[in-house]
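All remarks here apply to the structure that follows.
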Amino acid sequence: MREILSLMWKRLGIIASIVGDVQGRFIATLFYYTILVPFGLIARMSSDPLRRQIEPANSYWLERPPVPTELDAAKRQG
């Protein structure tokens, strides 16, 4: 009787492993297509991080404030 239960427990472990693998893949796929894809599409359509849609100008460089050149400012960098 003990051998039968042991064999059943091992088989149940194999079946549970297969079911868990399938279930994990299903949940990951469901998460990808219901959350990540819509988020990516909305983010792509609503923003322009490279500022490609700005009016054409002489230059596409962004204006930055000048960097201080004093020694104290260099020590405060971190």
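In the structure tokens, each chain is lettered A, B, ... as it comes, each chain's residues begin at 1, and ligands are numbered from 1 in order of appearance.
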Enumerate, as a PDB file with C-alpha atoms, in the first residue's frame, the complete set of residues in segment 2-61 of chain A that a backbone-based DSSP assignment places in helix (DSSP H, G or I).
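Final file, part-v3.pdb:
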ATOM      1  CA  ARG A   2       2.837   2.372   0.844  1.00  0.00           C
ATOM      2  CA  GLU A   3       4.460   1.779  -2.550  1.00  0.00           C
ATOM      3  CA  ILE A   4       1.220   2.578  -4.347  1.00  0.00           C
ATOM      4  CA  LEU A   5       0.837   5.859  -2.454  1.00  0.00           C
ATOM      5  CA  SER A   6       4.458   6.740  -3.106  1.00  0.00           C
ATOM      6  CA  LEU A   7       4.032   6.048  -6.828  1.00  0.00           C
ATOM      7  CA  MET A   8       0.812   8.087  -6.915  1.00  0.00           C
ATOM      8  CA  TRP A   9       2.554  10.995  -5.141  1.00  0.00           C
ATOM      9  CA  LYS A  10       5.407  10.978  -7.683  1.00  0.00           C
ATOM     10  CA  ARG A  11       2.987  10.887 -10.598  1.00  0.00           C
ATOM     11  CA  LEU A  12       0.960  13.698  -9.060  1.00  0.00           C
ATOM     12  CA  GLY A  13       4.157  15.742  -8.760  1.00  0.00           C
ATOM     13  CA  ILE A  14       4.919  15.216 -12.455  1.00  0.00           C
ATOM     14  CA  ILE A  15       1.390  16.176 -13.473  1.00  0.00           C
ATOM     15  CA  ALA A  16       1.408  19.220 -11.165  1.00  0.00           C
ATOM     16  CA  SER A  17       4.723  20.327 -12.663  1.00  0.00           C
ATOM     17  CA  ILE A  18       3.326  20.150 -16.193  1.00  0.00           C
ATOM     18  CA  VAL A  19       0.109  21.944 -15.219  1.00  0.00           C
ATOM     19  CA  GLY A  20       2.094  24.613 -13.367  1.00  0.00           C
ATOM     20  CA  ASP A  21       4.319  25.193 -16.385  1.00  0.00           C
ATOM     21  CA  VAL A  22       1.333  25.586 -18.712  1.00  0.00           C
ATOM     22  CA  GLN A  23      -0.458  27.810 -16.221  1.00  0.00           C
ATOM     23  CA  GLY A  24       2.599  30.028 -15.776  1.00  0.00           C
ATOM     24  CA  ARG A  25       3.021  30.476 -19.505  1.00  0.00           C
ATOM     25  CA  PHE A  26      -0.680  31.270 -19.867  1.00  0.00           C
ATOM     26  CA  ILE A  27      -0.594  33.892 -17.095  1.00  0.00           C
ATOM     27  CA  ALA A  28       2.573  35.485 -18.496  1.00  0.00           C
ATOM     28  CA  THR A  29       1.062  35.639 -21.999  1.00  0.00           C
ATOM     29  CA  LEU A  30      -2.195  37.055 -20.651  1.00  0.00           C
ATOM     30  CA  PHE A  31      -0.285  39.713 -18.682  1.00  0.00           C
ATOM     31  CA  TYR A  32       1.783  40.639 -21.732  1.00  0.00           C
ATOM     32  CA  TYR A  33      -1.147  41.081 -24.092  1.00  0.00           C
ATOM     33  CA  THR A  34      -3.559  42.744 -21.651  1.00  0.00           C
ATOM     34  CA  ILE A  35      -1.219  45.122 -19.792  1.00  0.00           C
ATOM     35  CA  LEU A  36       2.156  45.609 -21.467  1.00  0.00           C
ATOM     36  CA  VAL A  37       1.085  45.867 -25.110  1.00  0.00           C
ATOM     37  CA  PRO A  38      -1.689  48.456 -24.531  1.00  0.00           C
ATOM     38  CA  PHE A  39       0.612  50.441 -22.219  1.00  0.00           C
ATOM     39  CA  GLY A  40       3.353  50.453 -24.847  1.00  0.00           C
ATOM     40  CA  LEU A  41       0.982  51.506 -27.621  1.00  0.00           C
ATOM     41  CA  ILE A  42      -0.507  54.322 -25.543  1.00  0.00           C
ATOM     42  CA  ALA A  43       2.953  55.504 -24.473  1.00  0.00           C
ATOM     43  CA  ARG A  44       4.187  55.483 -28.052  1.00  0.00           C
ATOM     44  CA  MET A  45       1.196  57.430 -29.357  1.00  0.00           C
ATOM     45  CA  SER A  46       1.052  60.008 -26.556  1.00  0.00           C
TER      46      SER A  46
END
### Query
What separation in Å, quoted to one decimal, exists between atom CA of Pro49 of chain A and atom CA of Pro65 of chain A?
19.8 Å
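Computed from the coordinates, the atom CA of Thr69 of chain A to atom CA of Leu50 of chain A distance equals 28.8 Å.
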